[in-house]
Amino acid sequence: AQSVTQLGSHVSVSEGALVLLRCNYSSSVPPYLFWYVQYPNQGLQLLLKYTSAATLVKGINGFEAEFKKSETSFHLTKPSAHMSDAAEYFCAVSALSGGSYIPTFGRGTSLIVHP
Amino acid sequence: NAGVMQNPRHLVRRRGQEARLRCSPMKGHSHVYWYRQLPEEGLKFMVYLQKENIIDESGMPKERFSAEFPKEGPSILRIQQVVRGDSAAYFCASSLGGFIMEDTQYFGPGTRLTVL
């Protein structure tokens, strides 16, 4: 079984400040981890994914995430927030189960960026 | 290259009616997935299909819900006798290689179903 916990349903930062969105996972097998972004009334867009290569993963729009096995975490960061980063962010874990890789999504974190 | 297309974008149904949601995958993609998103929740996997085959429907409710992906045309998610609890956003995703670790799913804009 696998699960994802995103701490904080809302995160508020000032423009130019560090963005940190937390994600902890639970998986009985080596996982594959993803971060997606969802803008209002749109579908999910892949930001980045971890597939057992480098533990520090760089994605689009200046985001990156670090896989820490000892902490079962995959937190998303960005050094300097832009107004355009305001959106909903979802962490997902995918692990082999019954022959398929079925992703499990977190509840999402809404990022609010203040001018 | 057009992305994943879903229609309608918004659908209103009265209790007891049928809802049909359509999904056209990206060009060249033969794997389609349906997800449901309830308010304040993440996406929940429903079903995974390839052309003419249901590969995994472990997330589908046992009754009233069905999905197909015919040889020609879009994938269809069908909900019979809708109830208010079916109100949600339904997302379709497609991929090139199926449910494998390296594959990337591309999502459509979703269909927002409202049951009155």
# chains A, B, ... in the order shown; residues from 1 in each chain; ligands from 1
>>> residues_around(residues="stretch 105-110 of chain B", least_positions_apart="3", cutoff="7 Å", atoms="only C-alpha atoms", output="compact mmCIF listing (two decimals) with C-alpha atoms, in the first residue's frame")
# COMPACT_ATOMS: atom_id res chain seq x y z
CA ASN A 41 -9.92 25.15 -14.32
CA GLN A 42 -7.08 23.29 -15.96
CA GLY A 43 -5.66 19.80 -15.85
CA LEU A 44 -2.52 18.73 -14.04
CA GLN A 45 0.86 19.51 -15.51
CA VAL B 4 -5.49 15.75 -24.27
CA MET B 5 -8.98 16.98 -25.03
CA GLN B 6 -12.02 16.49 -22.89
CA ARG B 9 -15.86 21.04 -19.95
CA ALA B 89 -14.14 17.06 -11.67
CA TYR B 90 -13.25 14.12 -13.88
CA PHE B 91 -9.84 14.15 -15.48
CA CYS B 92 -8.52 12.09 -18.30
CA ALA B 93 -4.83 11.50 -18.91
CA SER B 94 -3.00 9.76 -21.69
CA SER B 95 0.45 8.33 -22.09
>>> residues_around(residues="B:Tyr33", least_positions_apart="2", cutoff="12 Å", atoms="only C-alpha atoms", output="mmCIF file with N, CA and C atoms, in the first residue's frame")
data_model
loop_
_atom_site.group_PDB
_atom_site.id
_atom_site.type_symbol
_atom_site.label_atom_id
_atom_site.label_comp_id
_atom_site.auth_asym_id
_atom_site.auth_seq_id
_atom_site.Cartn_x
_atom_site.Cartn_y
_atom_site.Cartn_z
ATOM 1 N N TYR A 101 1.533 0.266 -12.170
ATOM 2 C CA TYR A 101 1.979 1.419 -11.392
ATOM 3 C C TYR A 101 0.802 2.369 -11.273
ATOM 4 N N ILE A 102 0.096 2.285 -10.181
ATOM 5 C CA ILE A 102 -1.063 3.141 -9.967
ATOM 6 C C ILE A 102 -0.654 4.286 -9.063
ATOM 7 N N PRO A 103 -0.774 5.514 -9.534
ATOM 8 C CA PRO A 103 -0.354 6.646 -8.705
ATOM 9 C C PRO A 103 -1.385 6.972 -7.633
ATOM 10 N N VAL B 4 -4.345 16.596 -24.592
ATOM 11 C CA VAL B 4 -5.491 15.752 -24.268
ATOM 12 C C VAL B 4 -6.738 16.634 -24.262
ATOM 13 N N ARG B 22 -16.204 12.557 -22.418
ATOM 14 C CA ARG B 22 -15.362 12.102 -23.522
ATOM 15 C C ARG B 22 -13.933 12.572 -23.374
ATOM 16 N N CYS B 23 -13.030 11.752 -23.849
ATOM 17 C CA CYS B 23 -11.607 12.069 -23.754
ATOM 18 C C CYS B 23 -10.895 11.626 -25.013
ATOM 19 N N SER B 24 -10.231 12.557 -25.662
ATOM 20 C CA SER B 24 -9.391 12.235 -26.818
ATOM 21 C C SER B 24 -7.943 12.358 -26.396
ATOM 22 N N PRO B 25 -7.188 11.283 -26.444
ATOM 23 C CA PRO B 25 -5.795 11.336 -25.988
ATOM 24 C C PRO B 25 -4.927 12.130 -26.949
ATOM 25 N N HIS B 29 -0.848 8.507 -28.552
ATOM 26 C CA HIS B 29 -1.018 7.835 -27.264
ATOM 27 C C HIS B 29 -2.156 6.820 -27.342
ATOM 28 N N SER B 30 -1.893 5.628 -26.820
ATOM 29 C CA SER B 30 -2.933 4.607 -26.843
ATOM 30 C C SER B 30 -3.328 4.151 -25.446
ATOM 31 N N HIS B 31 -2.832 4.874 -24.423
ATOM 32 C CA HIS B 31 -3.156 4.532 -23.041
ATOM 33 C C HIS B 31 -3.916 5.693 -22.424
ATOM 34 N N TYR B 35 -9.518 9.822 -13.825
ATOM 35 C CA TYR B 35 -9.400 10.155 -12.412
ATOM 36 C C TYR B 35 -10.604 11.004 -12.008
ATOM 37 N N ARG B 36 -10.913 10.957 -10.721
ATOM 38 C CA ARG B 36 -11.964 11.813 -10.176
ATOM 39 C C ARG B 36 -11.355 12.685 -9.085
ATOM 40 N N LEU B 43 -6.522 13.685 -6.660
ATOM 41 C CA LEU B 43 -7.116 12.850 -7.678
ATOM 42 C C LEU B 43 -7.154 11.400 -7.230
ATOM 43 N N LYS B 44 -8.247 10.747 -7.552
ATOM 44 C CA LYS B 44 -8.389 9.327 -7.265
ATOM 45 C C LYS B 44 -8.460 8.571 -8.580
ATOM 46 N N PHE B 45 -7.593 7.592 -8.703
ATOM 47 C CA PHE B 45 -7.569 6.775 -9.912
ATOM 48 C C PHE B 45 -8.872 5.999 -10.048
ATOM 49 N N MET B 46 -9.379 5.941 -11.270
ATOM 50 C CA MET B 46 -10.585 5.174 -11.524
ATOM 51 C C MET B 46 -10.308 3.965 -12.419
ATOM 52 N N VAL B 47 -9.776 4.248 -13.613
ATOM 53 C CA VAL B 47 -9.651 3.165 -14.577
ATOM 54 C C VAL B 47 -8.539 3.481 -15.574
ATOM 55 N N TYR B 48 -7.928 2.397 -16.074
ATOM 56 C CA TYR B 48 -6.849 2.498 -17.052
ATOM 57 C C TYR B 48 -7.246 1.643 -18.249
ATOM 58 N N LEU B 49 -7.206 2.247 -19.437
ATOM 59 C CA LEU B 49 -7.633 1.536 -20.631
ATOM 60 C C LEU B 49 -6.601 1.671 -21.741
ATOM 61 N N GLN B 50 -6.513 0.652 -22.528
ATOM 62 C CA GLN B 50 -5.862 0.726 -23.827
ATOM 63 C C GLN B 50 -6.956 0.554 -24.872
ATOM 64 N N LYS B 51 -6.605 0.700 -26.102
ATOM 65 C CA LYS B 51 -7.592 0.551 -27.166
ATOM 66 C C LYS B 51 -8.347 -0.779 -27.023
ATOM 67 N N ASN B 53 -9.527 -2.301 -24.624
ATOM 68 C CA ASN B 53 -9.300 -3.131 -23.444
ATOM 69 C C ASN B 53 -9.295 -2.309 -22.160
ATOM 70 N N ILE B 54 -9.880 -2.864 -21.127
ATOM 71 C CA ILE B 54 -9.759 -2.297 -19.783
ATOM 72 C C ILE B 54 -8.626 -3.037 -19.097
ATOM 73 N N ILE B 55 -7.606 -2.285 -18.706
ATOM 74 C CA ILE B 55 -6.432 -2.904 -18.113
ATOM 75 C C ILE B 55 -6.561 -2.983 -16.598
ATOM 76 N N ASP B 56 -7.057 -1.914 -15.998
ATOM 77 C CA ASP B 56 -7.160 -1.865 -14.539
ATOM 78 C C ASP B 56 -8.350 -0.980 -14.190
ATOM 79 N N GLU B 57 -9.314 -1.543 -13.545
ATOM 80 C CA GLU B 57 -10.494 -0.758 -13.139
ATOM 81 C C GLU B 57 -10.692 -0.837 -11.631
ATOM 82 N N SER B 58 -9.595 -0.974 -10.932
ATOM 83 C CA SER B 58 -9.675 -1.150 -9.483
ATOM 84 C C SER B 58 -10.241 0.063 -8.753
ATOM 85 N N GLY B 59 -10.225 1.230 -9.389
ATOM 86 C CA GLY B 59 -10.740 2.432 -8.753
ATOM 87 C C GLY B 59 -12.156 2.785 -9.156
ATOM 88 N N MET B 60 -12.753 1.984 -9.965
ATOM 89 C CA MET B 60 -14.110 2.279 -10.455
ATOM 90 C C MET B 60 -15.148 1.800 -9.444
ATOM 91 N N ALA B 67 -16.517 2.407 -18.450
ATOM 92 C CA ALA B 67 -15.596 3.138 -19.319
ATOM 93 C C ALA B 67 -15.262 2.277 -20.513
ATOM 94 N N GLU B 68 -14.993 2.957 -21.608
ATOM 95 C CA GLU B 68 -14.586 2.246 -22.808
ATOM 96 C C GLU B 68 -13.618 3.098 -23.602
ATOM 97 N N PHE B 69 -12.846 2.447 -24.415
ATOM 98 C CA PHE B 69 -11.908 3.128 -25.305
ATOM 99 C C PHE B 69 -11.920 2.342 -26.605
ATOM 100 N N SER B 75 -12.251 8.002 -25.755
ATOM 101 C CA SER B 75 -12.616 7.194 -24.603
ATOM 102 C C SER B 75 -13.853 7.821 -23.959
ATOM 103 N N ILE B 76 -14.729 6.996 -23.445
ATOM 104 C CA ILE B 76 -15.965 7.458 -22.827
ATOM 105 C C ILE B 76 -16.036 6.944 -21.395
ATOM 106 N N LEU B 77 -16.314 7.868 -20.477
ATOM 107 C CA LEU B 77 -16.662 7.491 -19.104
ATOM 108 C C LEU B 77 -18.149 7.741 -18.953
ATOM 109 N N TYR B 90 -13.750 15.387 -13.344
ATOM 110 C CA TYR B 90 -13.249 14.122 -13.882
ATOM 111 C C TYR B 90 -12.154 14.441 -14.896
ATOM 112 N N PHE B 91 -10.986 13.881 -14.622
ATOM 113 C CA PHE B 91 -9.840 14.146 -15.475
ATOM 114 C C PHE B 91 -9.448 12.897 -16.234
ATOM 115 N N CYS B 92 -9.055 13.136 -17.450
ATOM 116 C CA CYS B 92 -8.516 12.086 -18.298
ATOM 117 C C CYS B 92 -7.037 12.393 -18.520
ATOM 118 N N ALA B 93 -6.248 11.351 -18.578
ATOM 119 C CA ALA B 93 -4.833 11.498 -18.912
ATOM 120 C C ALA B 93 -4.480 10.453 -19.959
ATOM 121 N N SER B 94 -3.466 10.760 -20.728
ATOM 122 C CA SER B 94 -2.997 9.764 -21.692
ATOM 123 C C SER B 94 -1.491 9.653 -21.615
ATOM 124 N N SER B 95 -0.998 8.530 -22.065
ATOM 125 C CA SER B 95 0.449 8.325 -22.087
ATOM 126 C C SER B 95 0.828 7.469 -23.272
ATOM 127 N N LEU B 96 2.119 7.482 -23.516
ATOM 128 C CA LEU B 96 2.640 6.758 -24.670
ATOM 129 C C LEU B 96 2.834 5.289 -24.363
ATOM 130 N N GLY B 98 2.007 3.448 -21.208
ATOM 131 C CA GLY B 98 1.269 2.684 -20.232
ATOM 132 C C GLY B 98 1.786 2.873 -18.825
ATOM 133 N N PHE B 99 1.238 2.112 -17.920
ATOM 134 C CA PHE B 99 1.554 2.256 -16.509
ATOM 135 C C PHE B 99 2.925 1.672 -16.202
ATOM 136 N N THR B 104 5.116 9.181 -18.601
ATOM 137 C CA THR B 104 4.532 10.429 -18.135
ATOM 138 C C THR B 104 3.104 10.517 -18.621
ATOM 139 N N GLN B 105 2.225 10.852 -17.707
ATOM 140 C CA GLN B 105 0.830 11.042 -18.066
ATOM 141 C C GLN B 105 0.580 12.518 -18.348
ATOM 142 N N TYR B 106 -0.157 12.776 -19.409
ATOM 143 C CA TYR B 106 -0.534 14.136 -19.780
ATOM 144 C C TYR B 106 -2.034 14.281 -19.552
ATOM 145 N N PHE B 107 -2.374 15.315 -18.812
ATOM 146 C CA PHE B 107 -3.751 15.473 -18.370
ATOM 147 C C PHE B 107 -4.539 16.423 -19.267
ATOM 148 N N GLY B 108 -5.820 16.125 -19.399
ATOM 149 C CA GLY B 108 -6.746 17.033 -20.037
ATOM 150 C C GLY B 108 -7.241 18.078 -19.052
#
>>> closest_residue(among="A:Gly106, A:Gly62, A:Gly8, A:Gly16", to="chain B", atoms="only C-alpha atoms")
A:Gly106
>>> closest_atom_pairs(of="chain A", to="chain B", cutoff="12 Å", atoms="only C-alpha atoms", output="CSV")
residue,atom,partner,partner_atom,distance
A:Ser3,CA,B:Gly42,CA,11.5
A:Val4,CA,B:Gly42,CA,9.9
A:Thr5,CA,B:Gly42,CA,10.5
A:Gln6,CA,B:Gly42,CA,10.2
A:Ser9,CA,B:Glu40,CA,8.6
A:His10,CA,B:Glu40,CA,11.0
A:Pro30,CA,B:Met101,CA,10.8
A:Pro31,CA,B:Met101,CA,9.0
A:Tyr32,CA,B:Met101,CA,6.8
A:Leu33,CA,B:Met101,CA,9.6
A:Phe34,CA,B:Thr104,CA,9.8
A:Trp35,CA,B:Thr104,CA,11.6
A:Tyr36,CA,B:Phe107,CA,10.2
A:Val37,CA,B:Phe107,CA,10.9
A:Gln38,CA,B:Pro109,CA,9.5
A:Tyr39,CA,B:Pro109,CA,9.8
A:Pro40,CA,B:Pro109,CA,9.6
A:Asn41,CA,B:Pro109,CA,6.8
A:Gln42,CA,B:Pro109,CA,4.4
A:Gly43,CA,B:Pro109,CA,4.0
A:Leu44,CA,B:Phe107,CA,5.6
A:Gln45,CA,B:Phe107,CA,6.8
A:Leu46,CA,B:Tyr106,CA,7.7
A:Leu47,CA,B:Thr104,CA,10.9
A:Leu48,CA,B:Thr104,CA,10.0
A:Lys49,CA,B:Thr104,CA,9.0
A:Tyr50,CA,B:Glu102,CA,9.4
A:Thr51,CA,B:Glu102,CA,7.0
A:Ser52,CA,B:Met101,CA,9.9
A:Ala53,CA,B:Glu102,CA,11.2
A:Glu88,CA,B:Gly42,CA,10.2
A:Tyr89,CA,B:Gly42,CA,9.7
A:Phe90,CA,B:Gly42,CA,7.2
A:Cys91,CA,B:Gly42,CA,9.0
A:Ala92,CA,B:Gly42,CA,9.2
A:Val93,CA,B:Met101,CA,10.6
A:Ser94,CA,B:Met101,CA,7.6
A:Ala95,CA,B:Met101,CA,7.9
A:Leu96,CA,B:Met101,CA,8.3
A:Ser97,CA,B:Phe99,CA,10.7
A:Gly98,CA,B:Asp56,CA,9.8
A:Gly99,CA,B:Phe99,CA,9.0
A:Ser100,CA,B:Phe99,CA,5.9
A:Tyr101,CA,B:Phe99,CA,5.2
A:Ile102,CA,B:Phe99,CA,7.1
A:Pro103,CA,B:Phe45,CA,7.3
A:Thr104,CA,B:Lys44,CA,7.1
A:Phe105,CA,B:Gly42,CA,5.5
A:Gly106,CA,B:Gly42,CA,5.3
A:Arg107,CA,B:Gly42,CA,4.0
A:Gly108,CA,B:Gly42,CA,5.9
A:Thr109,CA,B:Glu40,CA,9.5
A:Ser110,CA,B:Glu40,CA,10.0
>>> residues_around(residues="stretch 71-74 of chain A", least_positions_apart="6", cutoff="7 Å", atoms="only C-alpha atoms", output="number ranges by chain")
A: 23-26, 65
>>> write_last_selection(atoms="all heavy atoms", output="JSON list (two decimals), in the first residue's frame")
[["chain", "number", "residue", "atom", "x", "y", "z"],
["A", 23, "CYS", "N", 5.98, 17.18, 1.22],
["A", 23, "CYS", "CA", 5.34, 15.93, 0.82],
["A", 23, "CYS", "C", 6.06, 14.77, 1.50],
["A", 23, "CYS", "O", 7.28, 14.64, 1.38],
["A", 23, "CYS", "CB", 5.41, 15.76, -0.69],
["A", 23, "CYS", "SG", 4.84, 14.15, -1.30],
["A", 24, "ASN", "N", 5.32, 13.97, 2.21],
["A", 24, "ASN", "CA", 5.84, 12.73, 2.79],
["A", 24, "ASN", "C", 5.05, 11.57, 2.21],
["A", 24, "ASN", "O", 3.85, 11.66, 1.99],
["A", 24, "ASN", "CB", 5.74, 12.75, 4.31],
["A", 24, "ASN", "CG", 6.73, 13.70, 4.93],
["A", 24, "ASN", "OD1", 6.45, 14.88, 5.10],
["A", 24, "ASN", "ND2", 7.91, 13.19, 5.24],
["A", 25, "TYR", "N", 5.73, 10.49, 1.99],
["A", 25, "TYR", "CA", 5.09, 9.34, 1.35],
["A", 25, "TYR", "C", 5.28, 8.10, 2.19],
["A", 25, "TYR", "O", 6.14, 8.03, 3.06],
["A", 25, "TYR", "CB", 5.67, 9.12, -0.05],
["A", 25, "TYR", "CG", 7.09, 8.61, -0.01],
["A", 25, "TYR", "CD1", 7.36, 7.25, -0.01],
["A", 25, "TYR", "CD2", 8.16, 9.50, 0.06],
["A", 25, "TYR", "CE1", 8.66, 6.78, 0.07],
["A", 25, "TYR", "CE2", 9.45, 9.04, 0.13],
["A", 25, "TYR", "CZ", 9.71, 7.69, 0.14],
["A", 25, "TYR", "OH", 10.99, 7.23, 0.23],
["A", 26, "SER", "N", 4.48, 7.14, 1.89],
["A", 26, "SER", "CA", 4.60, 5.81, 2.48],
["A", 26, "SER", "C", 4.47, 4.80, 1.35],
["A", 26, "SER", "O", 3.52, 4.86, 0.57],
["A", 26, "SER", "CB", 3.50, 5.59, 3.52],
["A", 26, "SER", "OG", 3.47, 4.25, 3.94],
["A", 65, "ALA", "N", 13.04, 19.28, -6.40],
["A", 65, "ALA", "CA", 12.63, 18.49, -5.25],
["A", 65, "ALA", "C", 13.73, 17.49, -4.92],
["A", 65, "ALA", "O", 14.45, 17.03, -5.80],
["A", 65, "ALA", "CB", 11.32, 17.75, -5.54]]
>>> select_by_dssp(residues="chain A", states="strand (DSSP E or B)", output="PyMOL selection string")
chain A and resi 2-5+10-14+19-21+24-27+32-38+44-50+56-58+64-68+73-78+87-97+100-105+109-114
>>> select_by_dssp(residues="chain A", states="helix (DSSP H, G or I)", output="VMD selection string")
chain A and resid 60 to 62 83 to 85
>>> residues_around(residues="A:Ala86", least_positions_apart="6", cutoff="6 Å", atoms="only C-alpha atoms", output="ChimeraX atom specification")
/A:111-113
>>> write_last_selection(atoms="all heavy atoms", output="CSV table (one decimal), in the first residue's frame")
chain,number,residue,atom,x,y,z
A,111,LEU,N,-0.8,27.2,-3.3
A,111,LEU,CA,0.3,28.2,-3.1
A,111,LEU,C,-0.3,29.5,-3.4
A,111,LEU,O,-0.8,29.8,-4.5
A,111,LEU,CB,1.5,27.9,-4.0
A,111,LEU,CG,2.6,28.9,-3.9
A,111,LEU,CD1,3.2,28.9,-2.5
A,111,LEU,CD2,3.7,28.6,-5.0
A,112,ILE,N,-0.2,30.4,-2.4
A,112,ILE,CA,-0.7,31.8,-2.6
A,112,ILE,C,0.6,32.7,-2.6
A,112,ILE,O,1.4,32.6,-1.7
A,112,ILE,CB,-1.6,32.2,-1.4
A,112,ILE,CG1,-2.8,31.2,-1.4
A,112,ILE,CG2,-2.1,33.6,-1.6
A,112,ILE,CD1,-3.5,31.2,-0.1
A,113,VAL,N,0.7,33.6,-3.6
A,113,VAL,CA,1.9,34.4,-3.7
A,113,VAL,C,1.4,35.9,-3.5
A,113,VAL,O,0.6,36.4,-4.3
A,113,VAL,CB,2.6,34.2,-5.0
A,113,VAL,CG1,3.8,35.2,-5.1
A,113,VAL,CG2,3.0,32.8,-5.2
